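Everything below belongs to start26.txt, which stores compact mmCIF, N, CA and C atoms.
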# COMPACT_ATOMS: atom_id res chain seq x y z
N MET A 105 -7.10 29.38 -16.00
CA MET A 105 -7.31 29.51 -14.58
C MET A 105 -6.51 28.42 -13.84
N ARG A 106 -5.75 28.82 -12.87
CA ARG A 106 -4.93 27.90 -12.10
C ARG A 106 -5.72 27.39 -10.90
N ARG A 107 -5.76 26.08 -10.75
CA ARG A 107 -6.48 25.48 -9.63
C ARG A 107 -5.50 25.01 -8.57
N SER A 108 -5.98 24.85 -7.37
CA SER A 108 -5.10 24.53 -6.25
C SER A 108 -4.69 23.05 -6.25
N LYS A 109 -3.60 22.81 -5.57
CA LYS A 109 -3.11 21.45 -5.39
C LYS A 109 -4.15 20.60 -4.65
N GLN A 110 -4.80 21.21 -3.64
CA GLN A 110 -5.82 20.47 -2.88
C GLN A 110 -6.98 20.05 -3.78
N ALA A 111 -7.39 20.94 -4.67
CA ALA A 111 -8.49 20.61 -5.59
C ALA A 111 -8.07 19.49 -6.54
N ARG A 112 -6.83 19.55 -7.02
CA ARG A 112 -6.32 18.51 -7.92
C ARG A 112 -6.28 17.16 -7.19
N GLN A 113 -5.78 17.18 -5.95
CA GLN A 113 -5.70 15.93 -5.20
C GLN A 113 -7.09 15.39 -4.87
N GLN A 114 -8.05 16.27 -4.64
CA GLN A 114 -9.42 15.81 -4.43
C GLN A 114 -9.97 15.18 -5.71
N ALA A 115 -9.64 15.76 -6.85
CA ALA A 115 -10.06 15.18 -8.13
C ALA A 115 -9.45 13.79 -8.31
N ILE A 116 -8.20 13.63 -7.90
CA ILE A 116 -7.54 12.32 -7.98
C ILE A 116 -8.24 11.31 -7.08
N ARG A 117 -8.53 11.72 -5.84
CA ARG A 117 -9.24 10.82 -4.91
C ARG A 117 -10.59 10.39 -5.52
N THR A 118 -11.31 11.34 -6.08
CA THR A 118 -12.61 11.03 -6.68
C THR A 118 -12.45 10.05 -7.83
N LEU A 119 -11.47 10.28 -8.69
CA LEU A 119 -11.23 9.36 -9.81
C LEU A 119 -10.90 7.96 -9.33
N VAL A 120 -10.04 7.87 -8.31
CA VAL A 120 -9.64 6.56 -7.79
C VAL A 120 -10.84 5.83 -7.19
N LEU A 121 -11.75 6.58 -6.57
CA LEU A 121 -12.93 5.97 -5.97
C LEU A 121 -14.00 5.59 -7.00
N THR A 122 -14.02 6.28 -8.14
CA THR A 122 -15.11 6.06 -9.10
C THR A 122 -14.69 5.35 -10.39
N GLU A 123 -13.41 5.35 -10.70
CA GLU A 123 -12.91 4.72 -11.93
C GLU A 123 -11.93 3.60 -11.57
N ARG A 124 -11.65 2.74 -12.51
CA ARG A 124 -10.63 1.70 -12.30
C ARG A 124 -9.31 2.25 -12.83
N ILE A 125 -8.55 2.86 -11.96
CA ILE A 125 -7.28 3.47 -12.34
C ILE A 125 -6.17 2.47 -12.07
N GLN A 126 -5.52 2.01 -13.14
CA GLN A 126 -4.49 0.99 -12.98
C GLN A 126 -3.08 1.56 -13.11
N ARG A 127 -2.94 2.69 -13.80
CA ARG A 127 -1.61 3.26 -14.03
C ARG A 127 -1.66 4.77 -13.82
N GLN A 128 -0.49 5.34 -13.54
CA GLN A 128 -0.41 6.79 -13.39
C GLN A 128 -0.83 7.48 -14.69
N GLU A 129 -0.51 6.87 -15.81
CA GLU A 129 -0.89 7.44 -17.10
C GLU A 129 -2.41 7.56 -17.23
N ASP A 130 -3.14 6.60 -16.64
CA ASP A 130 -4.61 6.67 -16.65
C ASP A 130 -5.09 7.91 -15.91
N LEU A 131 -4.46 8.20 -14.77
CA LEU A 131 -4.84 9.40 -14.01
C LEU A 131 -4.54 10.66 -14.80
N VAL A 132 -3.37 10.71 -15.43
CA VAL A 132 -2.99 11.88 -16.23
C VAL A 132 -4.03 12.11 -17.32
N LYS A 133 -4.41 11.04 -18.01
CA LYS A 133 -5.39 11.14 -19.10
C LYS A 133 -6.75 11.65 -18.58
N HIS A 134 -7.23 11.07 -17.49
CA HIS A 134 -8.51 11.49 -16.92
C HIS A 134 -8.46 12.96 -16.47
N LEU A 135 -7.39 13.32 -15.76
CA LEU A 135 -7.27 14.70 -15.26
C LEU A 135 -7.17 15.70 -16.40
N ASN A 136 -6.34 15.40 -17.39
CA ASN A 136 -6.22 16.30 -18.54
C ASN A 136 -7.55 16.41 -19.27
N GLY A 137 -8.33 15.32 -19.31
CA GLY A 137 -9.66 15.34 -19.91
C GLY A 137 -10.64 16.22 -19.14
N GLN A 138 -10.36 16.43 -17.85
CA GLN A 138 -11.21 17.29 -17.01
C GLN A 138 -10.71 18.74 -17.00
N GLY A 139 -9.68 19.02 -17.81
CA GLY A 139 -9.19 20.39 -17.90
C GLY A 139 -7.97 20.70 -17.03
N TRP A 140 -7.47 19.72 -16.32
CA TRP A 140 -6.24 19.91 -15.55
C TRP A 140 -5.07 19.78 -16.51
N GLU A 141 -4.03 20.51 -16.24
CA GLU A 141 -2.79 20.35 -17.02
C GLU A 141 -1.76 19.74 -16.09
N VAL A 142 -1.67 18.40 -16.13
CA VAL A 142 -0.77 17.69 -15.22
C VAL A 142 0.19 16.80 -15.99
N THR A 143 1.32 16.54 -15.36
CA THR A 143 2.29 15.61 -15.91
C THR A 143 2.30 14.35 -15.05
N GLN A 144 2.93 13.32 -15.56
CA GLN A 144 3.05 12.08 -14.81
C GLN A 144 3.84 12.32 -13.52
N ALA A 145 4.84 13.19 -13.55
CA ALA A 145 5.63 13.49 -12.35
C ALA A 145 4.76 14.12 -11.26
N THR A 146 3.88 15.03 -11.65
CA THR A 146 2.97 15.67 -10.68
C THR A 146 2.03 14.63 -10.09
N VAL A 147 1.48 13.78 -10.93
CA VAL A 147 0.56 12.74 -10.46
C VAL A 147 1.29 11.77 -9.53
N SER A 148 2.52 11.45 -9.85
CA SER A 148 3.31 10.55 -9.01
C SER A 148 3.49 11.13 -7.61
N ARG A 149 3.80 12.43 -7.53
CA ARG A 149 3.94 13.09 -6.22
C ARG A 149 2.60 13.10 -5.47
N ASP A 150 1.53 13.38 -6.20
CA ASP A 150 0.20 13.39 -5.57
C ASP A 150 -0.16 12.01 -5.02
N ILE A 151 0.14 10.97 -5.77
CA ILE A 151 -0.14 9.60 -5.32
C ILE A 151 0.59 9.32 -4.01
N ALA A 152 1.85 9.73 -3.93
CA ALA A 152 2.63 9.53 -2.70
C ALA A 152 2.03 10.32 -1.54
N GLU A 153 1.69 11.58 -1.78
CA GLU A 153 1.14 12.43 -0.71
C GLU A 153 -0.23 11.93 -0.24
N LEU A 154 -1.03 11.42 -1.16
CA LEU A 154 -2.35 10.91 -0.82
C LEU A 154 -2.29 9.49 -0.23
N GLN A 155 -1.10 8.91 -0.27
CA GLN A 155 -0.88 7.54 0.21
C GLN A 155 -1.82 6.55 -0.45
N LEU A 156 -1.97 6.70 -1.77
CA LEU A 156 -2.76 5.74 -2.52
C LEU A 156 -1.96 4.45 -2.63
N VAL A 157 -2.65 3.34 -2.65
CA VAL A 157 -1.99 2.05 -2.80
C VAL A 157 -2.60 1.30 -3.96
N LYS A 158 -1.83 0.35 -4.49
CA LYS A 158 -2.35 -0.52 -5.53
C LYS A 158 -2.80 -1.81 -4.87
N ILE A 159 -4.03 -2.18 -5.17
CA ILE A 159 -4.57 -3.42 -4.62
C ILE A 159 -4.93 -4.36 -5.77
N PRO A 160 -4.88 -5.67 -5.53
CA PRO A 160 -5.23 -6.62 -6.59
C PRO A 160 -6.69 -6.46 -7.01
N ASN A 161 -6.94 -6.62 -8.32
CA ASN A 161 -8.32 -6.61 -8.81
C ASN A 161 -8.70 -8.00 -9.33
N GLN A 162 -9.93 -8.17 -9.72
CA GLN A 162 -10.44 -9.49 -10.12
C GLN A 162 -9.77 -10.03 -11.38
N GLU A 163 -9.24 -9.15 -12.21
CA GLU A 163 -8.65 -9.58 -13.47
C GLU A 163 -7.19 -10.00 -13.33
N GLY A 164 -6.67 -9.96 -12.11
CA GLY A 164 -5.27 -10.33 -11.91
C GLY A 164 -4.32 -9.16 -11.99
N GLY A 165 -4.83 -7.97 -12.25
CA GLY A 165 -4.01 -6.76 -12.28
C GLY A 165 -4.12 -6.01 -10.97
N PHE A 166 -3.76 -4.73 -11.01
CA PHE A 166 -3.81 -3.91 -9.81
C PHE A 166 -4.49 -2.59 -10.11
N THR A 167 -5.19 -2.06 -9.11
CA THR A 167 -5.92 -0.81 -9.24
C THR A 167 -5.57 0.08 -8.06
N TYR A 168 -5.43 1.39 -8.31
CA TYR A 168 -5.17 2.32 -7.22
C TYR A 168 -6.38 2.40 -6.30
N ALA A 169 -6.11 2.58 -5.00
CA ALA A 169 -7.20 2.65 -4.02
C ALA A 169 -6.85 3.66 -2.93
N VAL A 170 -7.89 4.23 -2.34
CA VAL A 170 -7.78 5.10 -1.17
C VAL A 170 -8.09 4.21 0.03
N MET A 171 -7.22 4.26 1.03
CA MET A 171 -7.39 3.35 2.16
C MET A 171 -7.68 4.11 3.45
N SER A 172 -8.66 3.64 4.20
CA SER A 172 -8.92 4.15 5.55
C SER A 172 -8.21 3.24 6.54
N ASP A 173 -8.17 3.61 7.82
CA ASP A 173 -7.52 2.77 8.82
C ASP A 173 -8.13 1.38 8.86
N THR A 174 -9.45 1.29 8.80
CA THR A 174 -10.12 -0.01 8.80
C THR A 174 -9.74 -0.80 7.56
N ASP A 175 -9.67 -0.10 6.42
CA ASP A 175 -9.27 -0.76 5.18
C ASP A 175 -7.87 -1.35 5.29
N TYR A 176 -6.96 -0.60 5.94
CA TYR A 176 -5.59 -1.09 6.08
C TYR A 176 -5.56 -2.39 6.88
N LEU A 177 -6.32 -2.45 7.97
CA LEU A 177 -6.34 -3.68 8.77
C LEU A 177 -6.96 -4.83 7.99
N ASN A 178 -8.03 -4.54 7.24
CA ASN A 178 -8.63 -5.57 6.39
C ASN A 178 -7.67 -6.01 5.30
N GLN A 179 -6.97 -5.05 4.71
CA GLN A 179 -6.00 -5.36 3.66
C GLN A 179 -4.86 -6.20 4.23
N LEU A 180 -4.39 -5.85 5.43
CA LEU A 180 -3.32 -6.61 6.08
C LEU A 180 -3.77 -8.06 6.28
N SER A 181 -4.96 -8.24 6.80
CA SER A 181 -5.49 -9.60 7.01
C SER A 181 -5.60 -10.36 5.70
N LEU A 182 -6.12 -9.70 4.68
CA LEU A 182 -6.30 -10.34 3.38
C LEU A 182 -4.96 -10.75 2.77
N ILE A 183 -3.99 -9.85 2.79
CA ILE A 183 -2.68 -10.16 2.21
C ILE A 183 -2.02 -11.30 2.97
N LEU A 184 -2.04 -11.22 4.30
CA LEU A 184 -1.41 -12.28 5.09
C LEU A 184 -2.08 -13.63 4.84
N ARG A 185 -3.38 -13.62 4.64
CA ARG A 185 -4.13 -14.86 4.43
C ARG A 185 -4.01 -15.38 3.00
N GLU A 186 -4.11 -14.47 2.02
CA GLU A 186 -4.24 -14.89 0.62
C GLU A 186 -2.95 -14.81 -0.20
N ASP A 187 -2.08 -13.86 0.11
CA ASP A 187 -0.94 -13.59 -0.77
C ASP A 187 0.42 -13.94 -0.20
N THR A 188 0.48 -14.36 1.05
CA THR A 188 1.77 -14.68 1.65
C THR A 188 2.27 -16.01 1.11
N THR A 189 3.52 -16.00 0.62
CA THR A 189 4.11 -17.24 0.10
C THR A 189 5.05 -17.87 1.13
N THR A 190 5.85 -17.06 1.83
CA THR A 190 6.72 -17.58 2.89
C THR A 190 6.90 -16.53 3.97
N VAL A 191 7.12 -17.00 5.18
CA VAL A 191 7.47 -16.13 6.30
C VAL A 191 8.66 -16.77 6.99
N THR A 192 9.77 -16.04 7.07
CA THR A 192 10.96 -16.54 7.75
C THR A 192 11.39 -15.54 8.80
N THR A 193 12.03 -16.05 9.85
CA THR A 193 12.48 -15.19 10.94
C THR A 193 13.96 -15.40 11.20
N GLN A 194 14.58 -14.35 11.68
CA GLN A 194 15.98 -14.41 12.11
C GLN A 194 16.18 -13.30 13.13
N GLN A 195 16.59 -13.66 14.32
CA GLN A 195 16.79 -12.72 15.42
C GLN A 195 15.59 -11.79 15.56
N ASN A 196 15.77 -10.50 15.30
CA ASN A 196 14.66 -9.56 15.46
C ASN A 196 14.09 -9.12 14.11
N MET A 197 14.15 -10.02 13.12
CA MET A 197 13.64 -9.68 11.79
C MET A 197 12.68 -10.75 11.29
N VAL A 198 11.68 -10.30 10.53
CA VAL A 198 10.72 -11.20 9.90
C VAL A 198 10.65 -10.83 8.42
N MET A 199 10.88 -11.81 7.55
CA MET A 199 10.77 -11.59 6.11
C MET A 199 9.47 -12.21 5.64
N ILE A 200 8.57 -11.35 5.14
CA ILE A 200 7.28 -11.82 4.63
C ILE A 200 7.33 -11.70 3.11
N LYS A 201 7.33 -12.84 2.43
CA LYS A 201 7.30 -12.86 0.96
C LYS A 201 5.85 -13.02 0.52
N VAL A 202 5.47 -12.24 -0.49
CA VAL A 202 4.09 -12.25 -0.98
C VAL A 202 4.07 -12.35 -2.49
N THR A 203 2.88 -12.53 -3.03
CA THR A 203 2.68 -12.55 -4.47
C THR A 203 3.26 -11.26 -5.07
N PRO A 204 4.03 -11.35 -6.18
CA PRO A 204 4.60 -10.14 -6.78
C PRO A 204 3.53 -9.07 -7.03
N GLY A 205 3.88 -7.84 -6.68
CA GLY A 205 2.98 -6.70 -6.82
C GLY A 205 2.24 -6.35 -5.54
N THR A 206 2.27 -7.25 -4.57
CA THR A 206 1.53 -7.05 -3.33
C THR A 206 2.38 -6.43 -2.23
N GLY A 207 3.70 -6.43 -2.40
CA GLY A 207 4.60 -5.91 -1.37
C GLY A 207 4.29 -4.49 -0.91
N PRO A 208 4.10 -3.53 -1.83
CA PRO A 208 3.81 -2.16 -1.38
C PRO A 208 2.53 -2.05 -0.55
N ALA A 209 1.49 -2.79 -0.91
CA ALA A 209 0.25 -2.75 -0.13
C ALA A 209 0.46 -3.36 1.25
N LEU A 210 1.26 -4.43 1.33
CA LEU A 210 1.56 -5.03 2.62
C LEU A 210 2.35 -4.07 3.49
N LYS A 211 3.34 -3.41 2.92
CA LYS A 211 4.15 -2.46 3.69
C LYS A 211 3.27 -1.33 4.22
N MET A 212 2.42 -0.77 3.39
CA MET A 212 1.54 0.31 3.81
C MET A 212 0.58 -0.16 4.91
N ALA A 213 0.03 -1.36 4.75
CA ALA A 213 -0.89 -1.89 5.76
C ALA A 213 -0.18 -2.11 7.09
N LEU A 214 1.05 -2.62 7.04
CA LEU A 214 1.82 -2.80 8.28
C LEU A 214 2.14 -1.46 8.93
N GLU A 215 2.49 -0.46 8.12
CA GLU A 215 2.77 0.87 8.66
C GLU A 215 1.54 1.44 9.35
N GLU A 216 0.40 1.33 8.70
CA GLU A 216 -0.83 1.91 9.23
C GLU A 216 -1.38 1.13 10.43
N ALA A 217 -0.96 -0.12 10.59
CA ALA A 217 -1.41 -0.92 11.73
C ALA A 217 -0.76 -0.44 13.04
N ASN A 218 0.30 0.37 12.92
CA ASN A 218 0.99 0.93 14.10
C ASN A 218 1.31 -0.14 15.14
N LEU A 219 1.98 -1.19 14.71
CA LEU A 219 2.35 -2.27 15.62
C LEU A 219 3.50 -1.81 16.51
N ASN A 220 3.30 -1.86 17.82
CA ASN A 220 4.28 -1.34 18.78
C ASN A 220 5.63 -2.02 18.71
N ASP A 221 5.68 -3.29 18.31
CA ASP A 221 6.93 -4.04 18.29
C ASP A 221 7.80 -3.74 17.08
N VAL A 222 7.29 -3.00 16.11
CA VAL A 222 8.01 -2.77 14.86
C VAL A 222 8.92 -1.56 14.97
N PHE A 223 10.20 -1.77 14.62
CA PHE A 223 11.18 -0.69 14.57
C PHE A 223 11.15 -0.03 13.19
N GLY A 224 11.07 -0.86 12.14
CA GLY A 224 11.06 -0.32 10.79
C GLY A 224 10.67 -1.38 9.77
N LEU A 225 10.38 -0.93 8.57
CA LEU A 225 9.96 -1.80 7.48
C LEU A 225 10.73 -1.46 6.22
N ILE A 226 11.14 -2.49 5.50
CA ILE A 226 11.77 -2.31 4.20
C ILE A 226 10.98 -3.18 3.23
N GLY A 227 10.46 -2.58 2.17
CA GLY A 227 9.62 -3.35 1.27
C GLY A 227 10.02 -3.23 -0.18
N ASP A 228 9.66 -4.24 -0.94
CA ASP A 228 9.80 -4.18 -2.39
C ASP A 228 8.53 -4.76 -3.01
N ASP A 229 8.57 -5.08 -4.27
CA ASP A 229 7.40 -5.54 -5.01
C ASP A 229 6.82 -6.85 -4.47
N ALA A 230 7.69 -7.71 -3.91
CA ALA A 230 7.25 -9.05 -3.53
C ALA A 230 7.53 -9.41 -2.08
N GLY A 231 7.73 -8.42 -1.22
CA GLY A 231 7.97 -8.76 0.17
C GLY A 231 8.24 -7.56 1.05
N VAL A 232 8.22 -7.83 2.36
CA VAL A 232 8.52 -6.81 3.35
C VAL A 232 9.41 -7.43 4.42
N LEU A 233 10.49 -6.73 4.73
CA LEU A 233 11.34 -7.10 5.85
C LEU A 233 10.89 -6.27 7.04
N VAL A 234 10.41 -6.95 8.08
CA VAL A 234 9.96 -6.29 9.29
C VAL A 234 11.11 -6.35 10.29
N ILE A 235 11.62 -5.20 10.68
CA ILE A 235 12.68 -5.13 11.67
C ILE A 235 12.02 -4.78 13.00
N LEU A 236 12.18 -5.67 13.95
CA LEU A 236 11.52 -5.51 15.24
C LEU A 236 12.42 -4.78 16.22
N LYS A 237 11.82 -4.23 17.25
CA LYS A 237 12.59 -3.58 18.31
C LYS A 237 13.47 -4.62 18.98
N GLU A 238 14.51 -4.15 19.63
CA GLU A 238 15.60 -5.00 20.12
C GLU A 238 15.17 -6.22 20.92
N LYS A 239 14.28 -6.08 21.85
CA LYS A 239 13.92 -7.19 22.76
C LYS A 239 12.75 -8.04 22.27
N VAL A 240 12.28 -7.81 21.07
CA VAL A 240 11.12 -8.53 20.56
C VAL A 240 11.57 -9.80 19.84
N ASP A 241 10.94 -10.91 20.19
CA ASP A 241 11.25 -12.19 19.55
C ASP A 241 10.49 -12.30 18.23
N ALA A 242 11.23 -12.56 17.16
CA ALA A 242 10.63 -12.59 15.82
C ALA A 242 9.59 -13.70 15.68
N GLN A 243 9.85 -14.85 16.27
CA GLN A 243 8.89 -15.95 16.15
C GLN A 243 7.59 -15.65 16.89
N ASP A 244 7.71 -15.06 18.09
CA ASP A 244 6.50 -14.67 18.83
C ASP A 244 5.71 -13.62 18.06
N PHE A 245 6.41 -12.63 17.50
CA PHE A 245 5.75 -11.58 16.72
C PHE A 245 5.02 -12.19 15.52
N THR A 246 5.69 -13.11 14.83
CA THR A 246 5.10 -13.74 13.64
C THR A 246 3.84 -14.51 14.01
N LYS A 247 3.88 -15.26 15.10
CA LYS A 247 2.68 -16.00 15.55
C LYS A 247 1.53 -15.03 15.82
N MET A 248 1.83 -13.95 16.53
CA MET A 248 0.80 -12.94 16.84
C MET A 248 0.22 -12.35 15.56
N LEU A 249 1.09 -12.01 14.63
CA LEU A 249 0.66 -11.38 13.38
C LEU A 249 -0.24 -12.32 12.58
N MET A 250 0.16 -13.56 12.45
CA MET A 250 -0.59 -14.50 11.63
C MET A 250 -1.90 -14.93 12.29
N VAL A 251 -1.94 -14.99 13.62
CA VAL A 251 -3.16 -15.40 14.32
C VAL A 251 -4.18 -14.26 14.36
N HIS A 252 -3.71 -13.05 14.66
CA HIS A 252 -4.62 -11.92 14.83
C HIS A 252 -5.02 -11.27 13.51
N HIS A 253 -4.32 -11.57 12.47
CA HIS A 253 -4.63 -10.94 11.19
C HIS A 253 -4.82 -12.03 10.18
Go ahead and render the structure in this file as structure tokens.
Amino acid sequence: MRRSKQARQQAIRTLVLTERIQRQEDLVKHLNGQGWEVTQATVSRDIAELQLVKIPNQEGGFTYAVMSDTDYLNQLSLILREDTTTVTTQQNMVMIKVTPGTGPALKMALEEANLNDVFGLIGDDAGVLVILKEKVDAQDFTKMLMVHH
């Protein structure tokens, strides 16, 4: 019996909320154990569509999580407070360096915060380059970001 993509994605959300899922392979194993026939490529696409993020766990690793708008703002505050290693500015750009592995969660949190001054974001494993709109001062933006979050 073929099940729908929506049902599969709901199963993924449930697993992420109820289990400690650290890798895509963990999701594949759990889903296949529930009778789904999925590949890592399918799970990878589902993770992107569901906008799941990896957040730090108590053991020093990372676990997939489902984020609400409130969660994103809390995550942004937490990362800026706990995981930021350096913040540098140049013209209309702000480079936020964070603990390795935290970059994707920071980028997602910044995207979901819908900050009006942001033109775009470029992120990697350990940082996010915030490109501001033309007339926005990077130092003023950085002060606002660090004080309010």
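Closest approach to Asn196 (chain A) from the set A:Ser108, A:Gln243, A:Thr146, A:Gln128 is made by A:Gln243, with distances taken over all atoms listed in the file.
Distances from A:Ala111, A:Ile159, A:Leu233, A:Ile151 to Met197 (chain A) were compared using all atoms listed in the file, and the smallest one belongs to A:Leu233.
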Residues near Leu236 (chain A), cut-off 6 Å, all atoms listed in the file, skip fewer than 3 positions along chain, as a compact mmCIF listing (two decimals) with N, CA and C atoms, keeping the file's coordinate frame:
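Done, and the output landed in out_28.txt:
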# COMPACT_ATOMS: atom_id res chain seq x y z
N ASN A 196 15.77 -10.50 15.30
CA ASN A 196 14.66 -9.56 15.46
C ASN A 196 14.09 -9.12 14.11
N MET A 197 14.15 -10.02 13.12
CA MET A 197 13.64 -9.68 11.79
C MET A 197 12.68 -10.75 11.29
N VAL A 198 11.68 -10.30 10.53
CA VAL A 198 10.72 -11.20 9.90
C VAL A 198 10.65 -10.83 8.42
N ASP A 221 5.68 -3.29 18.31
CA ASP A 221 6.93 -4.04 18.29
C ASP A 221 7.80 -3.74 17.08
N VAL A 222 7.29 -3.00 16.11
CA VAL A 222 8.01 -2.77 14.86
C VAL A 222 8.92 -1.56 14.97
N PHE A 223 10.20 -1.77 14.62
CA PHE A 223 11.18 -0.69 14.57
C PHE A 223 11.15 -0.03 13.19
N GLY A 224 11.07 -0.86 12.14
CA GLY A 224 11.06 -0.32 10.79
C GLY A 224 10.67 -1.38 9.77
N VAL A 240 12.28 -7.81 21.07
CA VAL A 240 11.12 -8.53 20.56
C VAL A 240 11.57 -9.80 19.84
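Nearest-residue note for Gln126 (chain A): choosing from A:Gln155, A:Asp150, A:Tyr168, A:Gln144, the minimum distance belongs to A:Tyr168, counting all atoms listed in the file.
Of the listed residues (A:Lys237, A:Thr190, A:Asn218, A:Leu184), A:Leu184 comes nearest to Met250 (chain A); the distances count only N, CA and C atoms.
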query: So which bits of region 126-244 of chain A end up strand (DSSP E) when you DSSP the backbone, as a ChimeraX atom specification?
result: /A:157-160,166-169,188-194,197-202,222-228,231-236
Spatial sel., origin (8.1, -11.0, -1.2), limit 6 Å, only C-alpha atoms, listed as a PyMOL selection string: chain A and resi 200-202+230-231
Thr167 (chain A) environment, 6 Å, all atoms listed in the file, sequence neighbours closer than 3 positions dropped, as a PyMOL selection string: chain A and resi 124-126+157-161
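Among the candidate residues A:Leu119, A:Val251, A:Leu180, A:Leu225, the one lying nearest to Ala213 (chain A) is A:Leu180, with distances computed using only C-alpha atoms.
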